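Below is the file query_37.pdb, which contains PDB, N, CA and C atoms.
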ATOM      1  N   MET D  16      28.847  -6.031   1.266
ATOM      2  CA  MET D  16      27.822  -7.024   1.413
ATOM      3  C   MET D  16      26.493  -6.474   0.972
ATOM      4  N   GLY D  17      25.862  -5.604   1.179
ATOM      5  CA  GLY D  17      24.519  -5.252   0.749
ATOM      6  C   GLY D  17      23.489  -5.577   1.811
ATOM      7  N   THR D  18      22.350  -4.982   1.621
ATOM      8  CA  THR D  18      21.248  -5.175   2.546
ATOM      9  C   THR D  18      20.555  -6.505   2.254
ATOM     10  N   PRO D  19      20.312  -7.308   3.285
ATOM     11  CA  PRO D  19      19.617  -8.578   3.044
ATOM     12  C   PRO D  19      18.176  -8.325   2.609
ATOM     13  N   LYS D  20      17.666  -9.201   1.746
ATOM     14  CA  LYS D  20      16.277  -9.100   1.298
ATOM     15  C   LYS D  20      15.341  -9.446   2.450
ATOM     16  N   PRO D  21      14.212  -8.742   2.552
ATOM     17  CA  PRO D  21      13.228  -9.125   3.563
ATOM     18  C   PRO D  21      12.642 -10.500   3.221
ATOM     19  N   ALA D  22      12.213 -11.207   4.234
ATOM     20  CA  ALA D  22      11.648 -12.550   4.037
ATOM     21  C   ALA D  22      10.246 -12.457   3.446
ATOM     22  N   LEU D  23       9.986 -13.317   2.474
ATOM     23  CA  LEU D  23       8.640 -13.401   1.914
ATOM     24  C   LEU D  23       7.678 -13.972   2.945
ATOM     25  N   LEU D  24       6.441 -13.474   2.929
ATOM     26  CA  LEU D  24       5.402 -14.031   3.786
ATOM     27  C   LEU D  24       4.851 -15.294   3.137
ATOM     28  N   SER D  25       4.521 -16.273   3.960
ATOM     29  CA  SER D  25       3.877 -17.496   3.461
ATOM     30  C   SER D  25       2.411 -17.195   3.167
ATOM     31  N   ASP D  26       1.747 -18.071   2.419
ATOM     32  CA  ASP D  26       0.319 -17.871   2.150
ATOM     33  C   ASP D  26      -0.496 -17.760   3.438
ATOM     34  N   PRO D  27      -0.264 -18.633   4.445
ATOM     35  CA  PRO D  27      -1.020 -18.461   5.698
ATOM     36  C   PRO D  27      -0.736 -17.117   6.387
ATOM     37  N   GLU D  28       0.515 -16.657   6.337
ATOM     38  CA  GLU D  28       0.846 -15.359   6.942
ATOM     39  C   GLU D  28       0.142 -14.223   6.201
ATOM     40  N   ILE D  29       0.041 -14.330   4.887
ATOM     41  CA  ILE D  29      -0.658 -13.308   4.108
ATOM     42  C   ILE D  29      -2.145 -13.306   4.450
ATOM     43  N   THR D  30      -2.729 -14.481   4.581
ATOM     44  CA  THR D  30      -4.147 -14.588   4.951
ATOM     45  C   THR D  30      -4.398 -13.945   6.306
ATOM     46  N   ILE D  31      -3.539 -14.213   7.262
ATOM     47  CA  ILE D  31      -3.668 -13.620   8.601
ATOM     48  C   ILE D  31      -3.518 -12.103   8.525
ATOM     49  N   ALA D  32      -2.526 -11.637   7.774
ATOM     50  CA  ALA D  32      -2.300 -10.194   7.648
ATOM     51  C   ALA D  32      -3.496  -9.505   7.009
ATOM     52  N   LEU D  33      -4.056 -10.111   5.967
ATOM     53  CA  LEU D  33      -5.200  -9.495   5.295
ATOM     54  C   LEU D  33      -6.442  -9.463   6.182
ATOM     55  N   ALA D  34      -6.520 -10.347   7.160
ATOM     56  CA  ALA D  34      -7.632 -10.305   8.108
ATOM     57  C   ALA D  34      -7.602  -9.024   8.926
ATOM     58  N   THR D  35      -6.422  -8.431   9.086
ATOM     59  CA  THR D  35      -6.290  -7.164   9.819
ATOM     60  C   THR D  35      -6.294  -5.965   8.873
ATOM     61  N   LEU D  36      -6.433  -6.237   7.565
ATOM     62  CA  LEU D  36      -6.448  -5.191   6.542
ATOM     63  C   LEU D  36      -7.676  -5.389   5.640
ATOM     64  N   PRO D  37      -8.879  -5.185   6.188
ATOM     65  CA  PRO D  37     -10.098  -5.556   5.452
ATOM     66  C   PRO D  37     -10.317  -4.791   4.148
ATOM     67  N   GLU D  38      -9.709  -3.643   3.977
ATOM     68  CA  GLU D  38      -9.889  -2.865   2.746
ATOM     69  C   GLU D  38      -8.908  -3.283   1.646
ATOM     70  N   TRP D  39      -7.996  -4.190   1.960
ATOM     71  CA  TRP D  39      -6.958  -4.623   1.025
ATOM     72  C   TRP D  39      -7.305  -5.992   0.463
ATOM     73  N   SER D  40      -6.856  -6.250  -0.763
ATOM     74  CA  SER D  40      -7.040  -7.573  -1.351
ATOM     75  C   SER D  40      -5.742  -8.000  -2.034
ATOM     76  N   ARG D  41      -5.600  -9.294  -2.126
ATOM     77  CA  ARG D  41      -4.399  -9.847  -2.743
ATOM     78  C   ARG D  41      -4.608  -9.968  -4.249
ATOM     79  N   GLU D  42      -3.591  -9.574  -4.977
ATOM     80  CA  GLU D  42      -3.558  -9.746  -6.422
ATOM     81  C   GLU D  42      -2.193 -10.322  -6.771
ATOM     82  N   GLY D  43      -2.101 -11.623  -6.812
ATOM     83  CA  GLY D  43      -0.829 -12.278  -7.104
ATOM     84  C   GLY D  43       0.186 -12.032  -6.006
ATOM     85  N   ASP D  44       1.296 -11.425  -6.376
ATOM     86  CA  ASP D  44       2.371 -11.134  -5.424
ATOM     87  C   ASP D  44       2.266  -9.738  -4.833
ATOM     88  N   ALA D  45       1.058  -9.170  -4.818
ATOM     89  CA  ALA D  45       0.853  -7.811  -4.311
ATOM     90  C   ALA D  45      -0.458  -7.742  -3.537
ATOM     91  N   ILE D  46      -0.595  -6.660  -2.760
ATOM     92  CA  ILE D  46      -1.874  -6.328  -2.142
ATOM     93  C   ILE D  46      -2.269  -4.946  -2.626
ATOM     94  N   THR D  47      -3.582  -4.730  -2.770
ATOM     95  CA  THR D  47      -4.068  -3.470  -3.308
ATOM     96  C   THR D  47      -5.219  -2.915  -2.478
ATOM     97  N   ARG D  48      -5.342  -1.607  -2.545
ATOM     98  CA  ARG D  48      -6.490  -0.921  -1.948
ATOM     99  C   ARG D  48      -6.838   0.259  -2.834
ATOM    100  N   THR D  49      -8.122   0.432  -3.073
ATOM    101  CA  THR D  49      -8.607   1.559  -3.855
ATOM    102  C   THR D  49      -9.434   2.455  -2.950
ATOM    103  N   VAL D  50      -9.203   3.752  -3.071
ATOM    104  CA  VAL D  50      -9.890   4.751  -2.245
ATOM    105  C   VAL D  50     -10.539   5.766  -3.168
ATOM    106  N   LYS D  51     -11.766   6.143  -2.858
ATOM    107  CA  LYS D  51     -12.420   7.222  -3.586
ATOM    108  C   LYS D  51     -12.453   8.428  -2.659
ATOM    109  N   ALA D  52     -11.701   9.472  -3.017
ATOM    110  CA  ALA D  52     -11.630  10.692  -2.219
ATOM    111  C   ALA D  52     -12.820  11.598  -2.544
ATOM    112  N   PRO D  53     -13.191  12.475  -1.610
ATOM    113  CA  PRO D  53     -14.314  13.379  -1.873
ATOM    114  C   PRO D  53     -14.071  14.308  -3.071
ATOM    115  N   THR D  54     -12.824  14.752  -3.240
ATOM    116  CA  THR D  54     -12.466  15.641  -4.345
ATOM    117  C   THR D  54     -11.109  15.212  -4.906
ATOM    118  N   PHE D  55     -10.789  15.720  -6.078
ATOM    119  CA  PHE D  55      -9.489  15.446  -6.675
ATOM    120  C   PHE D  55      -8.365  15.906  -5.748
ATOM    121  N   LEU D  56      -8.485  17.106  -5.202
ATOM    122  CA  LEU D  56      -7.432  17.623  -4.324
ATOM    123  C   LEU D  56      -7.300  16.811  -3.038
ATOM    124  N   ASP D  57      -8.399  16.276  -2.532
ATOM    125  CA  ASP D  57      -8.325  15.387  -1.373
ATOM    126  C   ASP D  57      -7.537  14.129  -1.723
ATOM    127  N   GLY D  58      -7.751  13.600  -2.919
ATOM    128  CA  GLY D  58      -6.995  12.444  -3.365
ATOM    129  C   GLY D  58      -5.510  12.739  -3.463
ATOM    130  N   ILE D  59      -5.179  13.906  -3.989
ATOM    131  CA  ILE D  59      -3.769  14.312  -4.087
ATOM    132  C   ILE D  59      -3.163  14.467  -2.695
ATOM    133  N   GLU D  60      -3.927  14.976  -1.747
ATOM    134  CA  GLU D  60      -3.432  15.130  -0.371
ATOM    135  C   GLU D  60      -3.177  13.771   0.266
ATOM    136  N   ILE D  61      -4.058  12.802   0.018
ATOM    137  CA  ILE D  61      -3.820  11.441   0.513
ATOM    138  C   ILE D  61      -2.512  10.915  -0.056
ATOM    139  N   VAL D  62      -2.312  11.089  -1.352
ATOM    140  CA  VAL D  62      -1.079  10.622  -1.995
ATOM    141  C   VAL D  62       0.134  11.313  -1.391
ATOM    142  N   ARG D  63       0.036  12.613  -1.137
ATOM    143  CA  ARG D  63       1.162  13.346  -0.545
ATOM    144  C   ARG D  63       1.522  12.777   0.826
ATOM    145  N   LYS D  64       0.517  12.519   1.653
ATOM    146  CA  LYS D  64       0.764  11.975   2.984
ATOM    147  C   LYS D  64       1.336  10.560   2.906
ATOM    148  N   VAL D  65       0.810   9.740   2.009
ATOM    149  CA  VAL D  65       1.338   8.382   1.844
ATOM    150  C   VAL D  65       2.773   8.445   1.335
ATOM    151  N   ALA D  66       3.048   9.345   0.400
ATOM    152  CA  ALA D  66       4.411   9.483  -0.127
ATOM    153  C   ALA D  66       5.396   9.854   0.973
ATOM    154  N   THR D  67       4.995  10.730   1.868
ATOM    155  CA  THR D  67       5.860  11.123   2.981
ATOM    156  C   THR D  67       6.137   9.930   3.897
ATOM    157  N   ALA D  68       5.095   9.170   4.220
ATOM    158  CA  ALA D  68       5.259   7.986   5.075
ATOM    159  C   ALA D  68       6.093   6.921   4.369
ATOM    160  N   ALA D  69       5.871   6.735   3.084
ATOM    161  CA  ALA D  69       6.616   5.729   2.324
ATOM    162  C   ALA D  69       8.090   6.089   2.257
ATOM    163  N   GLU D  70       8.373   7.344   2.058
ATOM    164  CA  GLU D  70       9.769   7.790   2.003
ATOM    165  C   GLU D  70      10.447   7.558   3.347
ATOM    166  N   ALA D  71       9.749   7.857   4.442
ATOM    167  CA  ALA D  71      10.310   7.631   5.781
ATOM    168  C   ALA D  71      10.576   6.147   6.022
ATOM    169  N   ALA D  72       9.719   5.279   5.470
ATOM    170  CA  ALA D  72       9.873   3.833   5.652
ATOM    171  C   ALA D  72      10.829   3.224   4.622
ATOM    172  N   ASP D  73      11.220   4.007   3.623
ATOM    173  CA  ASP D  73      12.042   3.532   2.510
ATOM    174  C   ASP D  73      11.389   2.317   1.846
ATOM    175  N   HIS D  74      10.069   2.409   1.677
ATOM    176  CA  HIS D  74       9.284   1.353   1.022
ATOM    177  C   HIS D  74       8.154   2.056   0.281
ATOM    178  N   HIS D  75       8.111   1.910  -1.023
ATOM    179  CA  HIS D  75       7.270   2.771  -1.840
ATOM    180  C   HIS D  75       6.206   1.987  -2.600
ATOM    181  N   PRO D  76       4.939   2.403  -2.462
ATOM    182  CA  PRO D  76       3.854   1.730  -3.180
ATOM    183  C   PRO D  76       3.794   2.210  -4.633
ATOM    184  N   ASP D  77       3.179   1.406  -5.470
ATOM    185  CA  ASP D  77       2.764   1.886  -6.784
ATOM    186  C   ASP D  77       1.449   2.620  -6.540
ATOM    187  N   ILE D  78       1.315   3.799  -7.135
ATOM    188  CA  ILE D  78       0.128   4.622  -6.924
ATOM    189  C   ILE D  78      -0.451   5.009  -8.274
ATOM    190  N   ASP D  79      -1.754   4.768  -8.431
ATOM    191  CA  ASP D  79      -2.468   5.134  -9.643
ATOM    192  C   ASP D  79      -3.563   6.117  -9.250
ATOM    193  N   ILE D  80      -3.574   7.280  -9.883
ATOM    194  CA  ILE D  80      -4.567   8.313  -9.574
ATOM    195  C   ILE D  80      -5.442   8.521 -10.802
ATOM    196  N   ARG D  81      -6.738   8.374 -10.611
ATOM    197  CA  ARG D  81      -7.728   8.612 -11.663
ATOM    198  C   ARG D  81      -8.801   9.521 -11.077
ATOM    199  N   TRP D  82      -8.687  10.800 -11.313
ATOM    200  CA  TRP D  82      -9.564  11.827 -10.775
ATOM    201  C   TRP D  82      -9.636  11.695  -9.265
ATOM    202  N   ARG D  83     -10.731  11.217  -8.684
ATOM    203  CA  ARG D  83     -10.837  11.105  -7.221
ATOM    204  C   ARG D  83     -10.489   9.711  -6.724
ATOM    205  N   THR D  84     -10.176   8.790  -7.612
ATOM    206  CA  THR D  84      -9.900   7.409  -7.243
ATOM    207  C   THR D  84      -8.396   7.185  -7.195
ATOM    208  N   VAL D  85      -7.939   6.690  -6.051
ATOM    209  CA  VAL D  85      -6.509   6.419  -5.853
ATOM    210  C   VAL D  85      -6.352   4.933  -5.536
ATOM    211  N   ARG D  86      -5.459   4.282  -6.264
ATOM    212  CA  ARG D  86      -5.218   2.852  -6.043
ATOM    213  C   ARG D  86      -3.771   2.668  -5.608
ATOM    214  N   PHE D  87      -3.599   1.984  -4.477
ATOM    215  CA  PHE D  87      -2.283   1.664  -3.941
ATOM    216  C   PHE D  87      -2.004   0.186  -4.163
ATOM    217  N   THR D  88      -0.808  -0.128  -4.623
ATOM    218  CA  THR D  88      -0.375  -1.505  -4.794
ATOM    219  C   THR D  88       0.957  -1.667  -4.072
ATOM    220  N   LEU D  89       1.023  -2.687  -3.217
ATOM    221  CA  LEU D  89       2.228  -2.948  -2.434
ATOM    222  C   LEU D  89       2.787  -4.330  -2.739
ATOM    223  N   SER D  90       4.091  -4.377  -2.957
ATOM    224  CA  SER D  90       4.844  -5.611  -3.129
ATOM    225  C   SER D  90       6.305  -5.257  -2.930
ATOM    226  N   THR D  91       7.068  -6.159  -2.366
ATOM    227  CA  THR D  91       8.500  -5.909  -2.177
ATOM    228  C   THR D  91       9.225  -6.495  -3.382
ATOM    229  N   HIS D  92       9.495  -5.648  -4.348
ATOM    230  CA  HIS D  92      10.072  -6.099  -5.608
ATOM    231  C   HIS D  92      11.418  -6.790  -5.410
ATOM    232  N   SER D  93      12.228  -6.287  -4.496
ATOM    233  CA  SER D  93      13.560  -6.878  -4.278
ATOM    234  C   SER D  93      13.473  -8.301  -3.732
ATOM    235  N   ALA D  94      12.357  -8.620  -3.068
ATOM    236  CA  ALA D  94      12.174  -9.963  -2.509
ATOM    237  C   ALA D  94      11.321 -10.845  -3.421
ATOM    238  N   GLY D  95      10.670 -10.237  -4.397
ATOM    239  CA  GLY D  95       9.857 -11.008  -5.321
ATOM    240  C   GLY D  95       8.471 -11.352  -4.810
ATOM    241  N   GLY D  96       7.925 -10.548  -3.906
ATOM    242  CA  GLY D  96       6.584 -10.818  -3.402
ATOM    243  C   GLY D  96       6.262 -10.016  -2.161
ATOM    244  N   LEU D  97       5.360 -10.539  -1.377
ATOM    245  CA  LEU D  97       4.882  -9.831  -0.185
ATOM    246  C   LEU D  97       5.747 -10.111   1.030
ATOM    247  N   THR D  98       6.071  -9.037   1.747
ATOM    248  CA  THR D  98       6.839  -9.127   2.987
ATOM    249  C   THR D  98       6.139  -8.312   4.067
ATOM    250  N   ALA D  99       6.681  -8.368   5.261
ATOM    251  CA  ALA D  99       6.134  -7.571   6.366
ATOM    252  C   ALA D  99       6.207  -6.079   6.056
ATOM    253  N   ASN D 100       7.153  -5.660   5.217
ATOM    254  CA  ASN D 100       7.225  -4.243   4.828
ATOM    255  C   ASN D 100       5.920  -3.804   4.168
ATOM    256  N   ASP D 101       5.338  -4.693   3.374
ATOM    257  CA  ASP D 101       4.105  -4.351   2.666
ATOM    258  C   ASP D 101       2.924  -4.233   3.618
ATOM    259  N   THR D 102       2.781  -5.185   4.521
ATOM    260  CA  THR D 102       1.650  -5.126   5.446
ATOM    261  C   THR D 102       1.803  -3.970   6.426
ATOM    262  N   THR D 103       3.020  -3.672   6.817
ATOM    263  CA  THR D 103       3.249  -2.523   7.704
ATOM    264  C   THR D 103       2.851  -1.226   7.008
ATOM    265  N   LEU D 104       3.280  -1.057   5.758
ATOM    266  CA  LEU D 104       2.917   0.156   5.032
ATOM    267  C   LEU D 104       1.417   0.204   4.748
ATOM    268  N   ALA D 105       0.794  -0.936   4.504
ATOM    269  CA  ALA D 105      -0.655  -0.969   4.304
ATOM    270  C   ALA D 105      -1.378  -0.435   5.548
ATOM    271  N   HIS D 106      -0.925  -0.840   6.733
ATOM    272  CA  HIS D 106      -1.534  -0.327   7.967
ATOM    273  C   HIS D 106      -1.323   1.187   8.074
ATOM    274  N   THR D 107      -0.153   1.654   7.696
ATOM    275  CA  THR D 107       0.126   3.093   7.732
ATOM    276  C   THR D 107      -0.804   3.831   6.769
ATOM    277  N   ILE D 108      -0.980   3.284   5.570
ATOM    278  CA  ILE D 108      -1.887   3.910   4.594
ATOM    279  C   ILE D 108      -3.306   3.946   5.157
ATOM    280  N   ASP D 109      -3.744   2.865   5.794
ATOM    281  CA  ASP D 109      -5.075   2.839   6.413
ATOM    282  C   ASP D 109      -5.219   3.938   7.458
ATOM    283  N   GLU D 110      -4.183   4.150   8.256
ATOM    284  CA  GLU D 110      -4.222   5.208   9.270
ATOM    285  C   GLU D 110      -4.325   6.583   8.608
ATOM    286  N   ILE D 111      -3.610   6.782   7.524
ATOM    287  CA  ILE D 111      -3.653   8.072   6.825
ATOM    288  C   ILE D 111      -5.039   8.322   6.233
ATOM    289  N   ILE D 112      -5.612   7.296   5.633
ATOM    290  CA  ILE D 112      -6.913   7.456   4.998
ATOM    291  C   ILE D 112      -8.014   7.631   6.041
ATOM    292  N   GLY D 113      -7.842   6.962   7.177
ATOM    293  CA  GLY D 113      -8.776   7.117   8.274
ATOM    294  C   GLY D 113      -9.985   6.309   8.214
TER     295      GLY D 113
END
What is this file in structure tokens?
Amino acid sequence: MGTPKPALLSDPEITIALATLPEWSREGDAITRTVKAPTFLDGIEIVRKVATAAEAADHHPDIDIRWRTVRFTLSTHSAGGLTANDTTLAHTIDEIIG
């Protein structure tokens, strides 16, 4: 049988979720957050910590690193959009960034 796909969030559910994630914004079927780290190595450390948390959650963000700027993009590709997995990981990323 396979693992069932997570349920997509409705537009109102996404709006409510983003109210608790003020640093995140919606871009189509994804949410994004950009962080400017104090140094390049600090940015890499943030990515390392997020990667560890993402691996534990078995839900992986797209990550773009440009010197000290790190951009996270979350979407549940298997479901075709945003799910609770994305908002949960967004909260985890917020906790890591502090």
- Message: Please compute the atom N of Gly95 of chain D-atom C of Lys20 of chain D distance, one decimal, in Å.
- Response: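 Separating atom N of Gly95 of chain D from atom C of Lys20 of chain D is a distance of 8.3 Å.
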- Message: Can you pull out the residues contacting segment 33-41 of chain D? Cut-off 8 Å, using all atoms listed in the file, and skip same-chain residues under 6 positions away; I want them as a list in words.
- Response: Pro27, Thr47, Arg48, Thr49, Thr102, Ala105 and His106 of chain D
- Give me the result of the PyMOL selection byres ((chain D and resi 75) around 8) on this file, residue by residue, as number ranges by chain. D: 65-66, 68-70, 72-74, 76-78, 88-91
- Item | d(atom CA of Glu42 of chain D, atom CA of Ala71 of chain D) in Å |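 Atom-to-atom, atom CA of Glu42 of chain D and atom CA of Ala71 of chain D are spaced 25.4 Å apart.
Atom CA of Asp101 of chain D lies 21.1 Å from atom CA of Glu60 of chain D.
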- Name the residues captured by the PyMOL selection byres (((chain D and resi 50 and name CA) around 10) and name CA) when it is applied to the shown file; answer as a ChimeraX atom specification. /D:38,48-49,51-53,58,61,80,83-87,112
- Item | DSSP-assigned alpha helix (DSSP H) among segment 55-110 of chain D, expressed as a ChimeraX atom specification | /D:55-72,99-110
- Pick from D:Ile31, D:Thr67, D:Asp44, D:Asp26, whichever lies nearest to Leu97 of chain D using all atoms listed in the file: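 Among D:Ile31, D:Thr67, D:Asp44, D:Asp26, it is D:Asp44 that comes nearest to Leu97 of chain D.
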- Message: Which of segment 27-99 of chain D end up as strand (DSSP E or B) when DSSP is run on this backbone - answer as a PyMOL selection string?
- Response: chain D and resi 40-42+45-51+77-81+84-89+91+96+98
- Nearest to Pro21 of chain D among D:Ala99, D:Leu56, D:Leu104, D:Ala45, with distances taken over all atoms listed in the file: which residue is it? D:Ala99
Since the input lacks atoms, please generate all heavy atoms for segment 61-71 of chain D and provide them as a PDB file, keeping the file's coordinate frame.
ATOM      1  N   ILE D  61      -4.058  12.802   0.018  1.00  0.00           N
ATOM      2  CA  ILE D  61      -3.820  11.441   0.513  1.00  0.00           C
ATOM      3  C   ILE D  61      -2.512  10.915  -0.056  1.00  0.00           C
ATOM      4  O   ILE D  61      -1.679  10.365   0.670  1.00  0.00           O
ATOM      5  CB  ILE D  61      -5.001  10.510   0.149  1.00  0.00           C
ATOM      6  CG1 ILE D  61      -6.243  10.866   0.959  1.00  0.00           C
ATOM      7  CG2 ILE D  61      -4.628   9.044   0.359  1.00  0.00           C
ATOM      8  CD1 ILE D  61      -7.521  10.196   0.468  1.00  0.00           C
ATOM      9  N   VAL D  62      -2.312  11.089  -1.352  1.00  0.00           N
ATOM     10  CA  VAL D  62      -1.079  10.622  -1.995  1.00  0.00           C
ATOM     11  C   VAL D  62       0.134  11.313  -1.391  1.00  0.00           C
ATOM     12  O   VAL D  62       1.168  10.672  -1.135  1.00  0.00           O
ATOM     13  CB  VAL D  62      -1.146  10.841  -3.526  1.00  0.00           C
ATOM     14  CG1 VAL D  62       0.214  10.615  -4.165  1.00  0.00           C
ATOM     15  CG2 VAL D  62      -2.194   9.927  -4.142  1.00  0.00           C
ATOM     16  N   ARG D  63       0.036  12.613  -1.137  1.00  0.00           N
ATOM     17  CA  ARG D  63       1.162  13.346  -0.545  1.00  0.00           C
ATOM     18  C   ARG D  63       1.522  12.777   0.826  1.00  0.00           C
ATOM     19  O   ARG D  63       2.692  12.537   1.127  1.00  0.00           O
ATOM     20  CB  ARG D  63       0.836  14.839  -0.420  1.00  0.00           C
ATOM     21  CG  ARG D  63       2.040  15.683   0.046  1.00  0.00           C
ATOM     22  CD  ARG D  63       1.619  17.056   0.500  1.00  0.00           C
ATOM     23  NE  ARG D  63       0.811  17.021   1.703  1.00  0.00           N
ATOM     24  CZ  ARG D  63       1.265  16.737   2.930  1.00  0.00           C
ATOM     25  NH1 ARG D  63       2.530  16.457   3.138  1.00  0.00           N
ATOM     26  NH2 ARG D  63       0.437  16.747   3.965  1.00  0.00           N
ATOM     27  N   LYS D  64       0.517  12.519   1.653  1.00  0.00           N
ATOM     28  CA  LYS D  64       0.764  11.975   2.984  1.00  0.00           C
ATOM     29  C   LYS D  64       1.336  10.560   2.906  1.00  0.00           C
ATOM     30  O   LYS D  64       2.252  10.214   3.660  1.00  0.00           O
ATOM     31  CB  LYS D  64      -0.524  11.980   3.815  1.00  0.00           C
ATOM     32  CG  LYS D  64      -0.969  13.374   4.218  1.00  0.00           C
ATOM     33  CD  LYS D  64      -2.277  13.330   4.977  1.00  0.00           C
ATOM     34  CE  LYS D  64      -2.712  14.728   5.390  1.00  0.00           C
ATOM     35  NZ  LYS D  64      -4.011  14.698   6.093  1.00  0.00           N
ATOM     36  N   VAL D  65       0.810   9.740   2.009  1.00  0.00           N
ATOM     37  CA  VAL D  65       1.338   8.382   1.844  1.00  0.00           C
ATOM     38  C   VAL D  65       2.773   8.445   1.335  1.00  0.00           C
ATOM     39  O   VAL D  65       3.632   7.690   1.794  1.00  0.00           O
ATOM     40  CB  VAL D  65       0.433   7.542   0.909  1.00  0.00           C
ATOM     41  CG1 VAL D  65       1.115   6.243   0.500  1.00  0.00           C
ATOM     42  CG2 VAL D  65      -0.903   7.255   1.587  1.00  0.00           C
ATOM     43  N   ALA D  66       3.048   9.345   0.400  1.00  0.00           N
ATOM     44  CA  ALA D  66       4.411   9.483  -0.127  1.00  0.00           C
ATOM     45  C   ALA D  66       5.396   9.854   0.973  1.00  0.00           C
ATOM     46  O   ALA D  66       6.517   9.320   1.027  1.00  0.00           O
ATOM     47  CB  ALA D  66       4.440  10.518  -1.248  1.00  0.00           C
ATOM     48  N   THR D  67       4.995  10.730   1.868  1.00  0.00           N
ATOM     49  CA  THR D  67       5.860  11.123   2.981  1.00  0.00           C
ATOM     50  C   THR D  67       6.137   9.930   3.897  1.00  0.00           C
ATOM     51  O   THR D  67       7.274   9.673   4.280  1.00  0.00           O
ATOM     52  CB  THR D  67       5.218  12.278   3.777  1.00  0.00           C
ATOM     53  OG1 THR D  67       5.068  13.404   2.904  1.00  0.00           O
ATOM     54  CG2 THR D  67       6.062  12.672   4.974  1.00  0.00           C
ATOM     55  N   ALA D  68       5.095   9.170   4.220  1.00  0.00           N
ATOM     56  CA  ALA D  68       5.259   7.986   5.075  1.00  0.00           C
ATOM     57  C   ALA D  68       6.093   6.921   4.369  1.00  0.00           C
ATOM     58  O   ALA D  68       6.950   6.272   4.992  1.00  0.00           O
ATOM     59  CB  ALA D  68       3.892   7.422   5.458  1.00  0.00           C
ATOM     60  N   ALA D  69       5.871   6.735   3.084  1.00  0.00           N
ATOM     61  CA  ALA D  69       6.616   5.729   2.324  1.00  0.00           C
ATOM     62  C   ALA D  69       8.090   6.089   2.257  1.00  0.00           C
ATOM     63  O   ALA D  69       8.968   5.222   2.393  1.00  0.00           O
ATOM     64  CB  ALA D  69       6.030   5.604   0.915  1.00  0.00           C
ATOM     65  N   GLU D  70       8.373   7.344   2.058  1.00  0.00           N
ATOM     66  CA  GLU D  70       9.769   7.790   2.003  1.00  0.00           C
ATOM     67  C   GLU D  70      10.447   7.558   3.347  1.00  0.00           C
ATOM     68  O   GLU D  70      11.585   7.094   3.409  1.00  0.00           O
ATOM     69  CB  GLU D  70       9.815   9.269   1.610  1.00  0.00           C
ATOM     70  CG  GLU D  70      11.176   9.770   1.232  1.00  0.00           C
ATOM     71  CD  GLU D  70      11.742   9.168  -0.042  1.00  0.00           C
ATOM     72  OE1 GLU D  70      11.028   8.516  -0.828  1.00  0.00           O
ATOM     73  OE2 GLU D  70      12.955   9.342  -0.246  1.00  0.00           O
ATOM     74  N   ALA D  71       9.749   7.857   4.442  1.00  0.00           N
ATOM     75  CA  ALA D  71      10.310   7.631   5.781  1.00  0.00           C
ATOM     76  C   ALA D  71      10.576   6.147   6.022  1.00  0.00           C
ATOM     77  O   ALA D  71      11.551   5.785   6.688  1.00  0.00           O
ATOM     78  CB  ALA D  71       9.370   8.189   6.850  1.00  0.00           C
TER      79      ALA D  71
END
